[in-house]
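A quick write-up on the structure given underneath.
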2 protein chains.
Amino acid sequence: MILIKIGGGKKINLDYICEDIKTLIDQGEKVVLVHGASVIRDEIAKKMGMPTRTITSPSGINSVYSDKDAIDIFLMTYSGLVNKKIVAKLQQFGVNAVGLSGIDGQLWKGKRKTAVYSNDGTKTKLITNNMTGKVIEINVNLINLLLDNKYLPVVCPPALSEENEIINTDNDWAVAVMAGALKIEKMVVLFEASGLLKKFGNESSLIKTVDKNKLDEYFTYTQGRMKKKLLGAKEAFRQGLKKMYWSDGRIKNPIINALKGTCTIIS
Amino acid sequence: MILIKIGGGKKINLDYICEDIKTLIDQGEKVVLVHGASVIRDEIAKKMGMPTRTITSPSGINSVYSDKDAIDIFLMTYSGLVNKKIVAKLQQFGVNAVGLSGIDGQLWKGKRKTAVYSNDGTKTKLITNNMTGKVIEINVNLINLLLDNKYLPVVCPPALSEENEIINTDNDWAVAVMAGALKIEKMVVLFEASGLLKKFGNESSLIKTVDKNKLDEYFTYTQGRMKKKLLGAKEAFRQGLKKMYWSDGRIKNPIINALKGTCTIIS
């Protein structure tokens with residue numbers, strides 16, 4: 001079974017990705033897809049006059065401020081617009097996809113953080129209306145039920161709290177927990193770069209191999225979202241993942257070529 | 001198996017509906033839910049500066065003009081915002097719901113109308129970029145797979161065309177085809193009125209029983225959306241439905257009371 005994670009950037013080429021997924025499925029492979037939608041979410045949020053706001057934790061990690069309005073926009077863009085467009089695209093390529101959010105069938109269950117701290121550089125503020133949490137449990141049965149009946153699950157946030165509230169959740173962390181629960185050995189992460197770069201924006205500084213036990217060393221090279229990807233990767237390996245491919249979602253054969261090694265391989 | 005259709009009005013009380021569904025499920029009943037989201041769709045469309053437009057067919061039936069932007073708003077509001085909120089609400093009532101659009105698993109397959117005519121009162125115009133169609137086929141296996149594994153399917157438009165394009169579709173018609181495909185005998189339709197009214201807006205003019213063979217006579221009493229509900233009802237009975245309950249989605253025990261007869265019963 002292969003877990004594929006698609007980033008939320010707009011340059012990601014869905015046709016190329018769907019083409020590769022069809023090839024993998026024709027070869028008898030089981031595939032689970034998880035996707036983001038951050039760029040489209042930010043665009044729609046702006047159009048609706050409720051731009052995405054971020055908060056920075058005292059330890060310096062950025063996350064989206066998720067009040068009830070932000071959760072609505074999350075539902076519209078992740079589980080609505082982007083999830084269904086990916087499902088329709090896969091159908092066009094002959095793959096019988098079924099889109100699910102973490103809410104459906106309690107697929108992603110998390111613990112809500114009832115209080116988070118935000119640091120704006122000068123002072124630390126307590127925020128209590130933030131609907132976020134970390135995924136801790138996966139409904140493996142629902143995924144296997146779909147896979148065993150030849151459906152490809154296309155999964156996205158948000159998740160459900162233990163009290164069944166809708167909560168925003170870090171996608172890279174959720175994917176790591178999912179990889180562990182599904183006993184995934186190979187995971188392909190597709191984004192808008194050729195892999196993990198030593199110098200941000202410089203594609204020729206691609207790091208070809210990374211030792212999974214030395215992931216901490218790479219925090220110095222990475223910026224923004226990449227830090228979360230590293231945290232997710234650490235957790236995925238802690239949960240039993242064998243190999244992770246960080247690869248370019250913009251180019252032809254993004255998955256097939258990644259599995260052949262033209263990307264960053266973490267193992 | 002009971003098929004429940006919830007209208008897209010804002011006065012519909014979801015808590016009351018979920019409470020009744022939980023009771024039915026605890027009694028061993030299988031339930032499939034289909035919902036609308038027209039009012040919220042119109043609100044979001046307006047907020048995004050792309051208000052919902054309607055076209056009137058030469059025979060006088062109104063429908064939503066569904067170009068690509070309108071389809072995006074459809075995806076956001078039906079399959080995103082409203083579908084997932086209903087799923088989360090059911091989870092809060094202890095019902096393990098899974099939300100699906102007609103796109104997922106090719107659940108609702110329809111024939112796209114590549115050309116439709118619009119009549120603005122003075123002239124008739126040909127429209128070719130309208131992404132709409134009528135549902136003709138249901139993936140019964142996916143619904144049964146979920147039901148057999150104790151999941152409650154929560155279904156909404158849009159549908160998928162034979163060419164796997166996303167198409168807007170008449171919900172009442174789709175529900176009728178679904179009732180036929182699933183061999184449903186009882187169907188409860190919940191909206192913002194106590195049932196079929198002889199006088200629009202006058203709740204005391206409730207028609208208690210309707211002969212399914214005389215549905216045509218009621219077109220004179222009905223306005224707007226109700227005409228489509230009558231067309232849907234005719235098709236549902238043609239496909240084998242035995243009893244249809246048109247009932248008030250705003251009051252306590254909307255489904256339990258409907259099944260006891262405090263509504264309009266068509267049979």
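Order determines the names: the first chain of the structure tokens is A, the second B, and so forth; residues in each chain are numbered 1 upward, and ligands are numbered 1 upward as they are shown.
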Between chain A and chain B, at 7 Å or less, what are the per-residue closest atom pairs and their distances in Å? Count only C-alpha atoms, order by chain and rising residue number, and return it as CSV.
```
residue,atom,partner,partner_atom,distance
A:Lys47,CA,B:Met48,CA,5.9
A:Met48,CA,B:Met48,CA,5.6
A:Asp72,CA,B:Leu81,CA,6.2
A:Leu75,CA,B:Gly80,CA,5.0
A:Met76,CA,B:Met76,CA,4.1
A:Thr77,CA,B:Met76,CA,6.1
A:Ser79,CA,B:Gly80,CA,5.0
A:Gly80,CA,B:Gly80,CA,3.6
A:Leu81,CA,B:Leu75,CA,5.1
A:Val87,CA,B:Asp104,CA,6.6
A:Ala88,CA,B:Ile103,CA,6.4
A:Gln91,CA,B:Asn164,CA,6.2
A:Gln92,CA,B:Asn164,CA,5.5
A:Asn96,CA,B:Gly105,CA,5.4
A:Ala97,CA,B:Gly105,CA,5.5
A:Val98,CA,B:Asp104,CA,4.4
A:Gly99,CA,B:Asp104,CA,5.9
A:Ile103,CA,B:Ala88,CA,6.4
A:Asp104,CA,B:Val98,CA,4.4
A:Gly105,CA,B:Val98,CA,5.0
A:Tyr151,CA,B:Gly105,CA,6.9
A:Asn164,CA,B:Gln92,CA,5.5
A:Glu165,CA,B:Ala88,CA,6.9
A:Ile166,CA,B:Ala88,CA,6.9
```
Superposition output for chain A against chain B, all Cα paired in order, as a PDB file with C-alpha atoms, in the first residue's frame:
```
ATOM      1  CA  MET A   1     -34.815   1.041   4.515  1.00  0.00           C
ATOM      2  CA  ILE A   2     -35.982   4.646   4.801  1.00  0.00           C
ATOM      3  CA  LEU A   3     -34.823   7.446   2.532  1.00  0.00           C
ATOM      4  CA  ILE A   4     -34.910  10.879   4.121  1.00  0.00           C
ATOM      5  CA  LYS A   5     -34.593  14.030   2.074  1.00  0.00           C
ATOM      6  CA  ILE A   6     -33.855  17.318   3.864  1.00  0.00           C
ATOM      7  CA  GLY A   7     -34.553  20.567   2.060  1.00  0.00           C
ATOM      8  CA  GLY A   8     -32.030  23.385   1.836  1.00  0.00           C
ATOM      9  CA  GLY A   9     -33.914  25.915   3.986  1.00  0.00           C
ATOM     10  CA  LYS A  10     -32.327  27.552   7.025  1.00  0.00           C
ATOM     11  CA  LYS A  11     -35.226  26.920   9.412  1.00  0.00           C
ATOM     12  CA  ILE A  12     -34.822  23.155   9.123  1.00  0.00           C
ATOM     13  CA  ASN A  13     -33.859  21.896  12.603  1.00  0.00           C
ATOM     14  CA  LEU A  14     -30.943  19.517  12.232  1.00  0.00           C
ATOM     15  CA  ASP A  15     -30.886  18.550  15.910  1.00  0.00           C
ATOM     16  CA  TYR A  16     -34.461  17.291  15.770  1.00  0.00           C
ATOM     17  CA  ILE A  17     -33.758  15.382  12.571  1.00  0.00           C
ATOM     18  CA  CYS A  18     -30.576  13.754  13.916  1.00  0.00           C
ATOM     19  CA  GLU A  19     -32.362  12.791  17.131  1.00  0.00           C
ATOM     20  CA  ASP A  20     -35.043  10.947  15.127  1.00  0.00           C
ATOM     21  CA  ILE A  21     -32.489   9.261  12.892  1.00  0.00           C
ATOM     22  CA  LYS A  22     -30.677   7.954  15.971  1.00  0.00           C
ATOM     23  CA  THR A  23     -33.986   6.535  17.254  1.00  0.00           C
ATOM     24  CA  LEU A  24     -34.698   4.830  13.920  1.00  0.00           C
ATOM     25  CA  ILE A  25     -31.209   3.321  13.782  1.00  0.00           C
ATOM     26  CA  ASP A  26     -31.485   2.058  17.361  1.00  0.00           C
ATOM     27  CA  GLN A  27     -34.691   0.319  16.236  1.00  0.00           C
ATOM     28  CA  GLY A  28     -32.666  -1.504  13.565  1.00  0.00           C
ATOM     29  CA  GLU A  29     -33.810   0.622  10.635  1.00  0.00           C
ATOM     30  CA  LYS A  30     -31.455   1.368   7.734  1.00  0.00           C
ATOM     31  CA  VAL A  31     -31.431   5.062   6.827  1.00  0.00           C
ATOM     32  CA  VAL A  32     -30.069   6.967   3.829  1.00  0.00           C
ATOM     33  CA  LEU A  33     -30.037  10.755   4.001  1.00  0.00           C
ATOM     34  CA  VAL A  34     -30.032  13.179   1.072  1.00  0.00           C
ATOM     35  CA  HIS A  35     -29.849  16.925   1.644  1.00  0.00           C
ATOM     36  CA  GLY A  36     -30.054  20.245  -0.135  1.00  0.00           C
ATOM     37  CA  ALA A  37     -28.221  23.503   0.625  1.00  0.00           C
ATOM     38  CA  SER A  38     -29.835  26.030  -1.713  1.00  0.00           C
ATOM     39  CA  VAL A  39     -30.229  28.904   0.740  1.00  0.00           C
ATOM     40  CA  ILE A  40     -26.651  28.706   2.038  1.00  0.00           C
ATOM     41  CA  ARG A  41     -25.406  28.298  -1.536  1.00  0.00           C
ATOM     42  CA  ASP A  42     -27.177  31.512  -2.536  1.00  0.00           C
ATOM     43  CA  GLU A  43     -25.735  33.367   0.481  1.00  0.00           C
ATOM     44  CA  ILE A  44     -22.160  32.250  -0.198  1.00  0.00           C
ATOM     45  CA  ALA A  45     -22.534  32.940  -3.939  1.00  0.00           C
ATOM     46  CA  LYS A  46     -23.608  36.501  -3.116  1.00  0.00           C
ATOM     47  CA  LYS A  47     -20.739  36.971  -0.644  1.00  0.00           C
ATOM     48  CA  MET A  48     -18.308  35.875  -3.330  1.00  0.00           C
ATOM     49  CA  GLY A  49     -19.733  38.342  -5.832  1.00  0.00           C
ATOM     50  CA  MET A  50     -21.186  35.630  -8.062  1.00  0.00           C
ATOM     51  CA  PRO A  51     -24.901  35.561  -7.187  1.00  0.00           C
ATOM     52  CA  THR A  52     -26.940  32.525  -8.206  1.00  0.00           C
ATOM     53  CA  ARG A  53     -28.663  33.030 -11.554  1.00  0.00           C
ATOM     54  CA  THR A  54     -31.669  31.050 -12.708  1.00  0.00           C
ATOM     55  CA  ILE A  55     -32.939  30.174 -16.147  1.00  0.00           C
ATOM     56  CA  THR A  56     -36.522  29.415 -17.083  1.00  0.00           C
ATOM     57  CA  SER A  57     -37.216  26.680 -19.591  1.00  0.00           C
ATOM     58  CA  PRO A  58     -39.776  27.322 -22.339  1.00  0.00           C
ATOM     59  CA  SER A  59     -42.138  25.049 -20.355  1.00  0.00           C
ATOM     60  CA  GLY A  60     -41.818  27.371 -17.322  1.00  0.00           C
ATOM     61  CA  ILE A  61     -39.550  25.351 -15.001  1.00  0.00           C
ATOM     62  CA  ASN A  62     -36.835  27.341 -13.196  1.00  0.00           C
ATOM     63  CA  SER A  63     -33.363  25.932 -12.679  1.00  0.00           C
ATOM     64  CA  VAL A  64     -29.991  27.256 -11.547  1.00  0.00           C
ATOM     65  CA  TYR A  65     -27.675  28.482 -14.275  1.00  0.00           C
ATOM     66  CA  SER A  66     -24.618  26.295 -13.663  1.00  0.00           C
ATOM     67  CA  ASP A  67     -21.472  27.557 -15.332  1.00  0.00           C
ATOM     68  CA  LYS A  68     -18.061  26.565 -13.962  1.00  0.00           C
ATOM     69  CA  ASP A  69     -18.088  29.248 -11.240  1.00  0.00           C
ATOM     70  CA  ALA A  70     -21.533  28.162 -10.089  1.00  0.00           C
ATOM     71  CA  ILE A  71     -20.327  24.541  -9.954  1.00  0.00           C
ATOM     72  CA  ASP A  72     -17.427  25.647  -7.718  1.00  0.00           C
ATOM     73  CA  ILE A  73     -19.868  27.293  -5.335  1.00  0.00           C
ATOM     74  CA  PHE A  74     -22.011  24.171  -5.470  1.00  0.00           C
ATOM     75  CA  LEU A  75     -19.054  22.028  -4.435  1.00  0.00           C
ATOM     76  CA  MET A  76     -18.152  24.410  -1.622  1.00  0.00           C
ATOM     77  CA  THR A  77     -21.603  24.642  -0.130  1.00  0.00           C
ATOM     78  CA  TYR A  78     -23.278  21.293  -0.809  1.00  0.00           C
ATOM     79  CA  SER A  79     -20.397  18.779  -0.601  1.00  0.00           C
ATOM     80  CA  GLY A  80     -18.259  20.945   1.680  1.00  0.00           C
ATOM     81  CA  LEU A  81     -19.983  23.173   4.198  1.00  0.00           C
ATOM     82  CA  VAL A  82     -23.448  21.644   4.585  1.00  0.00           C
ATOM     83  CA  ASN A  83     -22.654  17.961   4.005  1.00  0.00           C
ATOM     84  CA  LYS A  84     -19.857  17.906   6.578  1.00  0.00           C
ATOM     85  CA  LYS A  85     -21.838  19.886   9.151  1.00  0.00           C
ATOM     86  CA  ILE A  86     -24.666  17.353   8.912  1.00  0.00           C
ATOM     87  CA  VAL A  87     -22.156  14.493   9.213  1.00  0.00           C
ATOM     88  CA  ALA A  88     -20.572  16.081  12.314  1.00  0.00           C
ATOM     89  CA  LYS A  89     -24.007  16.710  13.826  1.00  0.00           C
ATOM     90  CA  LEU A  90     -24.984  13.055  13.308  1.00  0.00           C
ATOM     91  CA  GLN A  91     -21.695  12.015  14.937  1.00  0.00           C
ATOM     92  CA  GLN A  92     -22.654  14.169  17.935  1.00  0.00           C
ATOM     93  CA  PHE A  93     -25.875  12.161  18.167  1.00  0.00           C
ATOM     94  CA  GLY A  94     -23.955   8.872  18.045  1.00  0.00           C
ATOM     95  CA  VAL A  95     -24.627   8.052  14.392  1.00  0.00           C
ATOM     96  CA  ASN A  96     -21.555   7.113  12.353  1.00  0.00           C
ATOM     97  CA  ALA A  97     -22.290   9.094   9.212  1.00  0.00           C
ATOM     98  CA  VAL A  98     -20.226   9.267   6.017  1.00  0.00           C
ATOM     99  CA  GLY A  99     -20.800  12.185   3.646  1.00  0.00           C
ATOM    100  CA  LEU A 100     -20.762  11.601  -0.096  1.00  0.00           C
ATOM    101  CA  SER A 101     -21.485  13.719  -3.131  1.00  0.00           C
ATOM    102  CA  GLY A 102     -22.859  12.219  -6.315  1.00  0.00           C
ATOM    103  CA  ILE A 103     -19.299  12.395  -7.655  1.00  0.00           C
ATOM    104  CA  ASP A 104     -17.824  10.031  -5.049  1.00  0.00           C
ATOM    105  CA  GLY A 105     -17.632   6.460  -6.267  1.00  0.00           C
ATOM    106  CA  GLN A 106     -19.780   7.551  -9.260  1.00  0.00           C
ATOM    107  CA  LEU A 107     -22.705   7.513  -6.852  1.00  0.00           C
ATOM    108  CA  TRP A 108     -24.979   9.639  -9.053  1.00  0.00           C
ATOM    109  CA  LYS A 109     -24.341   9.273 -12.746  1.00  0.00           C
ATOM    110  CA  GLY A 110     -26.251  11.533 -15.113  1.00  0.00           C
ATOM    111  CA  LYS A 111     -26.574  12.574 -18.704  1.00  0.00           C
ATOM    112  CA  ARG A 112     -25.361  16.109 -19.311  1.00  0.00           C
ATOM    113  CA  LYS A 113     -27.700  18.379 -21.252  1.00  0.00           C
ATOM    114  CA  THR A 114     -25.241  19.946 -23.655  1.00  0.00           C
ATOM    115  CA  ALA A 115     -27.803  22.500 -24.819  1.00  0.00           C
ATOM    116  CA  VAL A 116     -30.621  24.038 -22.818  1.00  0.00           C
ATOM    117  CA  TYR A 117     -33.068  26.745 -23.747  1.00  0.00           C
ATOM    118  CA  SER A 118     -33.739  29.736 -21.564  1.00  0.00           C
ATOM    119  CA  ASN A 119     -36.786  31.920 -21.926  1.00  0.00           C
ATOM    120  CA  ASP A 120     -36.687  35.428 -20.429  1.00  0.00           C
ATOM    121  CA  GLY A 121     -40.280  36.226 -21.345  1.00  0.00           C
ATOM    122  CA  THR A 122     -39.506  37.912 -24.635  1.00  0.00           C
ATOM    123  CA  LYS A 123     -37.064  35.593 -26.375  1.00  0.00           C
ATOM    124  CA  THR A 124     -35.635  32.062 -26.154  1.00  0.00           C
ATOM    125  CA  LYS A 125     -31.843  31.701 -25.887  1.00  0.00           C
ATOM    126  CA  LEU A 126     -29.634  28.632 -26.400  1.00  0.00           C
ATOM    127  CA  ILE A 127     -27.166  28.020 -23.537  1.00  0.00           C
ATOM    128  CA  THR A 128     -24.253  25.628 -24.132  1.00  0.00           C
ATOM    129  CA  ASN A 129     -21.972  26.133 -21.093  1.00  0.00           C
ATOM    130  CA  ASN A 130     -24.533  24.914 -18.589  1.00  0.00           C
ATOM    131  CA  MET A 131     -23.154  22.003 -16.546  1.00  0.00           C
ATOM    132  CA  THR A 132     -26.394  20.241 -15.669  1.00  0.00           C
ATOM    133  CA  GLY A 133     -27.980  16.902 -16.246  1.00  0.00           C
ATOM    134  CA  LYS A 134     -30.479  14.371 -14.984  1.00  0.00           C
ATOM    135  CA  VAL A 135     -29.351  11.479 -12.782  1.00  0.00           C
ATOM    136  CA  ILE A 136     -30.012   8.151 -14.483  1.00  0.00           C
ATOM    137  CA  GLU A 137     -27.872   5.650 -12.563  1.00  0.00           C
ATOM    138  CA  ILE A 138     -27.021   5.061  -8.903  1.00  0.00           C
ATOM    139  CA  ASN A 139     -24.025   3.173  -7.470  1.00  0.00           C
ATOM    140  CA  VAL A 140     -26.186   1.006  -5.227  1.00  0.00           C
ATOM    141  CA  ASN A 141     -23.170  -1.106  -4.194  1.00  0.00           C
ATOM    142  CA  LEU A 142     -21.447   1.816  -2.475  1.00  0.00           C
ATOM    143  CA  ILE A 143     -24.575   2.699  -0.473  1.00  0.00           C
ATOM    144  CA  ASN A 144     -25.131  -0.917   0.555  1.00  0.00           C
ATOM    145  CA  LEU A 145     -21.438  -1.353   1.416  1.00  0.00           C
ATOM    146  CA  LEU A 146     -21.686   1.549   3.864  1.00  0.00           C
ATOM    147  CA  LEU A 147     -25.058   0.494   5.299  1.00  0.00           C
ATOM    148  CA  ASP A 148     -23.928  -3.115   5.767  1.00  0.00           C
ATOM    149  CA  ASN A 149     -20.962  -1.817   7.766  1.00  0.00           C
ATOM    150  CA  LYS A 150     -23.092   0.422  10.030  1.00  0.00           C
ATOM    151  CA  TYR A 151     -22.323   3.722   8.307  1.00  0.00           C
ATOM    152  CA  LEU A 152     -25.116   6.125   7.463  1.00  0.00           C
ATOM    153  CA  PRO A 153     -24.629   7.661   3.994  1.00  0.00           C
ATOM    154  CA  VAL A 154     -25.285  11.418   3.815  1.00  0.00           C
ATOM    155  CA  VAL A 155     -25.620  12.255   0.128  1.00  0.00           C
ATOM    156  CA  CYS A 156     -25.801  15.492  -1.840  1.00  0.00           C
ATOM    157  CA  PRO A 157     -25.316  16.862  -5.368  1.00  0.00           C
ATOM    158  CA  PRO A 158     -23.494  17.478  -7.641  1.00  0.00           C
ATOM    159  CA  ALA A 159     -23.462  14.411  -9.866  1.00  0.00           C
ATOM    160  CA  LEU A 160     -21.064  13.072 -12.476  1.00  0.00           C
ATOM    161  CA  SER A 161     -21.831  13.042 -16.203  1.00  0.00           C
ATOM    162  CA  GLU A 162     -21.172  10.039 -18.439  1.00  0.00           C
ATOM    163  CA  GLU A 163     -17.938  11.831 -19.415  1.00  0.00           C
ATOM    164  CA  ASN A 164     -17.081  12.269 -15.713  1.00  0.00           C
ATOM    165  CA  GLU A 165     -17.676  16.011 -15.663  1.00  0.00           C
ATOM    166  CA  ILE A 166     -19.151  17.550 -12.517  1.00  0.00           C
ATOM    167  CA  ILE A 167     -22.790  18.456 -13.196  1.00  0.00           C
ATOM    168  CA  ASN A 168     -25.499  20.158 -11.214  1.00  0.00           C
ATOM    169  CA  THR A 169     -28.611  18.054 -11.020  1.00  0.00           C
ATOM    170  CA  ASP A 170     -32.156  18.308  -9.737  1.00  0.00           C
ATOM    171  CA  ASN A 171     -32.044  16.877  -6.226  1.00  0.00           C
ATOM    172  CA  ASP A 172     -35.697  15.777  -6.128  1.00  0.00           C
ATOM    173  CA  TRP A 173     -35.277  13.834  -9.351  1.00  0.00           C
ATOM    174  CA  ALA A 174     -31.995  12.239  -8.169  1.00  0.00           C
ATOM    175  CA  VAL A 175     -33.653  11.159  -4.922  1.00  0.00           C
ATOM    176  CA  ALA A 176     -36.474   9.546  -6.912  1.00  0.00           C
ATOM    177  CA  VAL A 177     -34.006   7.555  -9.032  1.00  0.00           C
ATOM    178  CA  MET A 178     -32.142   6.606  -5.851  1.00  0.00           C
ATOM    179  CA  ALA A 179     -35.365   5.411  -4.200  1.00  0.00           C
ATOM    180  CA  GLY A 180     -35.999   3.207  -7.217  1.00  0.00           C
ATOM    181  CA  ALA A 181     -32.470   1.800  -7.355  1.00  0.00           C
ATOM    182  CA  LEU A 182     -32.416   1.033  -3.615  1.00  0.00           C
ATOM    183  CA  LYS A 183     -35.955  -0.440  -3.754  1.00  0.00           C
ATOM    184  CA  ILE A 184     -37.039   2.030  -1.075  1.00  0.00           C
ATOM    185  CA  GLU A 185     -40.641   1.712   0.068  1.00  0.00           C
ATOM    186  CA  LYS A 186     -40.836   4.705   2.433  1.00  0.00           C
ATOM    187  CA  MET A 187     -39.457   8.156   1.835  1.00  0.00           C
ATOM    188  CA  VAL A 188     -39.704  11.191   4.118  1.00  0.00           C
ATOM    189  CA  VAL A 189     -39.268  14.646   2.588  1.00  0.00           C
ATOM    190  CA  LEU A 190     -38.609  17.400   5.138  1.00  0.00           C
ATOM    191  CA  PHE A 191     -38.993  21.090   4.342  1.00  0.00           C
ATOM    192  CA  GLU A 192     -40.168  24.395   5.794  1.00  0.00           C
ATOM    193  CA  ALA A 193     -43.914  23.731   5.754  1.00  0.00           C
ATOM    194  CA  SER A 194     -46.193  21.251   7.491  1.00  0.00           C
ATOM    195  CA  GLY A 195     -46.718  19.377   4.202  1.00  0.00           C
ATOM    196  CA  LEU A 196     -48.413  20.022   0.880  1.00  0.00           C
ATOM    197  CA  LEU A 197     -50.609  23.075   1.345  1.00  0.00           C
ATOM    198  CA  LYS A 198     -53.732  23.933  -0.612  1.00  0.00           C
ATOM    199  CA  LYS A 199     -52.987  27.611  -0.106  1.00  0.00           C
ATOM    200  CA  PHE A 200     -49.305  28.657  -0.241  1.00  0.00           C
ATOM    201  CA  GLY A 201     -48.170  29.860   3.206  1.00  0.00           C
ATOM    202  CA  ASN A 202     -51.397  28.828   4.928  1.00  0.00           C
ATOM    203  CA  GLU A 203     -50.469  25.954   7.252  1.00  0.00           C
ATOM    204  CA  SER A 204     -54.087  25.175   8.091  1.00  0.00           C
ATOM    205  CA  SER A 205     -54.686  24.254   4.440  1.00  0.00           C
ATOM    206  CA  LEU A 206     -52.590  21.076   4.824  1.00  0.00           C
ATOM    207  CA  ILE A 207     -53.618  18.293   2.463  1.00  0.00           C
ATOM    208  CA  LYS A 208     -53.501  15.100   4.568  1.00  0.00           C
ATOM    209  CA  THR A 209     -53.562  12.453   1.848  1.00  0.00           C
ATOM    210  CA  VAL A 210     -52.736  12.481  -1.816  1.00  0.00           C
ATOM    211  CA  ASP A 211     -53.422   9.741  -4.352  1.00  0.00           C
ATOM    212  CA  LYS A 212     -50.119   8.967  -6.078  1.00  0.00           C
ATOM    213  CA  ASN A 213     -52.023   8.503  -9.345  1.00  0.00           C
ATOM    214  CA  LYS A 214     -53.506  11.994  -9.156  1.00  0.00           C
ATOM    215  CA  LEU A 215     -50.322  13.986  -8.512  1.00  0.00           C
ATOM    216  CA  ASP A 216     -50.847  15.969 -11.708  1.00  0.00           C
ATOM    217  CA  GLU A 217     -53.882  17.664 -10.165  1.00  0.00           C
ATOM    218  CA  TYR A 218     -51.705  19.280  -7.512  1.00  0.00           C
ATOM    219  CA  PHE A 219     -49.541  21.280  -9.893  1.00  0.00           C
ATOM    220  CA  THR A 220     -52.147  24.037  -9.742  1.00  0.00           C
ATOM    221  CA  TYR A 221     -51.666  24.471  -5.956  1.00  0.00           C
ATOM    222  CA  THR A 222     -47.892  24.552  -5.991  1.00  0.00           C
ATOM    223  CA  GLN A 223     -45.290  27.199  -6.583  1.00  0.00           C
ATOM    224  CA  GLY A 224     -41.585  27.202  -7.431  1.00  0.00           C
ATOM    225  CA  ARG A 225     -39.612  24.368  -5.854  1.00  0.00           C
ATOM    226  CA  MET A 226     -42.785  22.462  -4.990  1.00  0.00           C
ATOM    227  CA  LYS A 227     -43.419  21.807  -8.687  1.00  0.00           C
ATOM    228  CA  LYS A 228     -40.059  19.998  -8.829  1.00  0.00           C
ATOM    229  CA  LYS A 229     -40.957  18.027  -5.724  1.00  0.00           C
ATOM    230  CA  LEU A 230     -44.146  16.877  -7.438  1.00  0.00           C
ATOM    231  CA  LEU A 231     -42.202  15.842 -10.542  1.00  0.00           C
ATOM    232  CA  GLY A 232     -39.748  13.982  -8.278  1.00  0.00           C
ATOM    233  CA  ALA A 233     -42.607  12.304  -6.430  1.00  0.00           C
ATOM    234  CA  LYS A 234     -44.198  11.141  -9.699  1.00  0.00           C
ATOM    235  CA  GLU A 235     -40.900   9.606 -10.780  1.00  0.00           C
ATOM    236  CA  ALA A 236     -40.304   7.961  -7.374  1.00  0.00           C
ATOM    237  CA  PHE A 237     -43.706   6.223  -7.536  1.00  0.00           C
ATOM    238  CA  ARG A 238     -43.088   5.255 -11.160  1.00  0.00           C
ATOM    239  CA  GLN A 239     -39.894   3.587  -9.884  1.00  0.00           C
ATOM    240  CA  GLY A 240     -41.732   1.586  -7.225  1.00  0.00           C
ATOM    241  CA  LEU A 241     -41.952   3.757  -4.081  1.00  0.00           C
ATOM    242  CA  LYS A 242     -44.957   2.821  -1.913  1.00  0.00           C
ATOM    243  CA  LYS A 243     -45.343   5.771   0.462  1.00  0.00           C
ATOM    244  CA  MET A 244     -44.018   9.310   0.581  1.00  0.00           C
ATOM    245  CA  TYR A 245     -44.281  11.620   3.585  1.00  0.00           C
ATOM    246  CA  TRP A 246     -44.028  15.393   3.050  1.00  0.00           C
ATOM    247  CA  SER A 247     -43.383  16.820   6.454  1.00  0.00           C
ATOM    248  CA  ASP A 248     -42.210  19.750   8.550  1.00  0.00           C
ATOM    249  CA  GLY A 249     -38.440  19.838   9.112  1.00  0.00           C
ATOM    250  CA  ARG A 250     -38.689  22.634  11.668  1.00  0.00           C
ATOM    251  CA  ILE A 251     -40.478  20.814  14.487  1.00  0.00           C
ATOM    252  CA  LYS A 252     -39.586  18.239  17.159  1.00  0.00           C
ATOM    253  CA  ASN A 253     -39.696  14.585  16.001  1.00  0.00           C
ATOM    254  CA  PRO A 254     -40.062  15.526  12.337  1.00  0.00           C
ATOM    255  CA  ILE A 255     -39.512  11.970  11.056  1.00  0.00           C
ATOM    256  CA  ILE A 256     -41.175   9.917  13.802  1.00  0.00           C
ATOM    257  CA  ASN A 257     -44.314  12.080  13.663  1.00  0.00           C
ATOM    258  CA  ALA A 258     -44.367  12.032   9.867  1.00  0.00           C
ATOM    259  CA  LEU A 259     -44.301   8.228   9.899  1.00  0.00           C
ATOM    260  CA  LYS A 260     -47.234   8.379  12.345  1.00  0.00           C
ATOM    261  CA  GLY A 261     -49.167  10.454   9.828  1.00  0.00           C
ATOM    262  CA  THR A 262     -49.008  14.097  10.949  1.00  0.00           C
ATOM    263  CA  CYS A 263     -48.053  15.348   7.505  1.00  0.00           C
ATOM    264  CA  THR A 264     -49.031  14.890   3.851  1.00  0.00           C
ATOM    265  CA  ILE A 265     -48.971  11.219   2.906  1.00  0.00           C
ATOM    266  CA  ILE A 266     -48.765  10.374  -0.771  1.00  0.00           C
ATOM    267  CA  SER A 267     -49.561   6.755  -1.587  1.00  0.00           C
TER     268      SER A 267
END
```
*All strand (DSSP E) residues (DSSP, backbone) inside segment 64-254 of chain B, as an NGL selection string*: :B and (64 or 97-101 or 108-112 or 116-119 or 124-127 or 133-138 or 152-156 or 159-161 or 166-167 or 186-191 or 209-210 or 243-248)
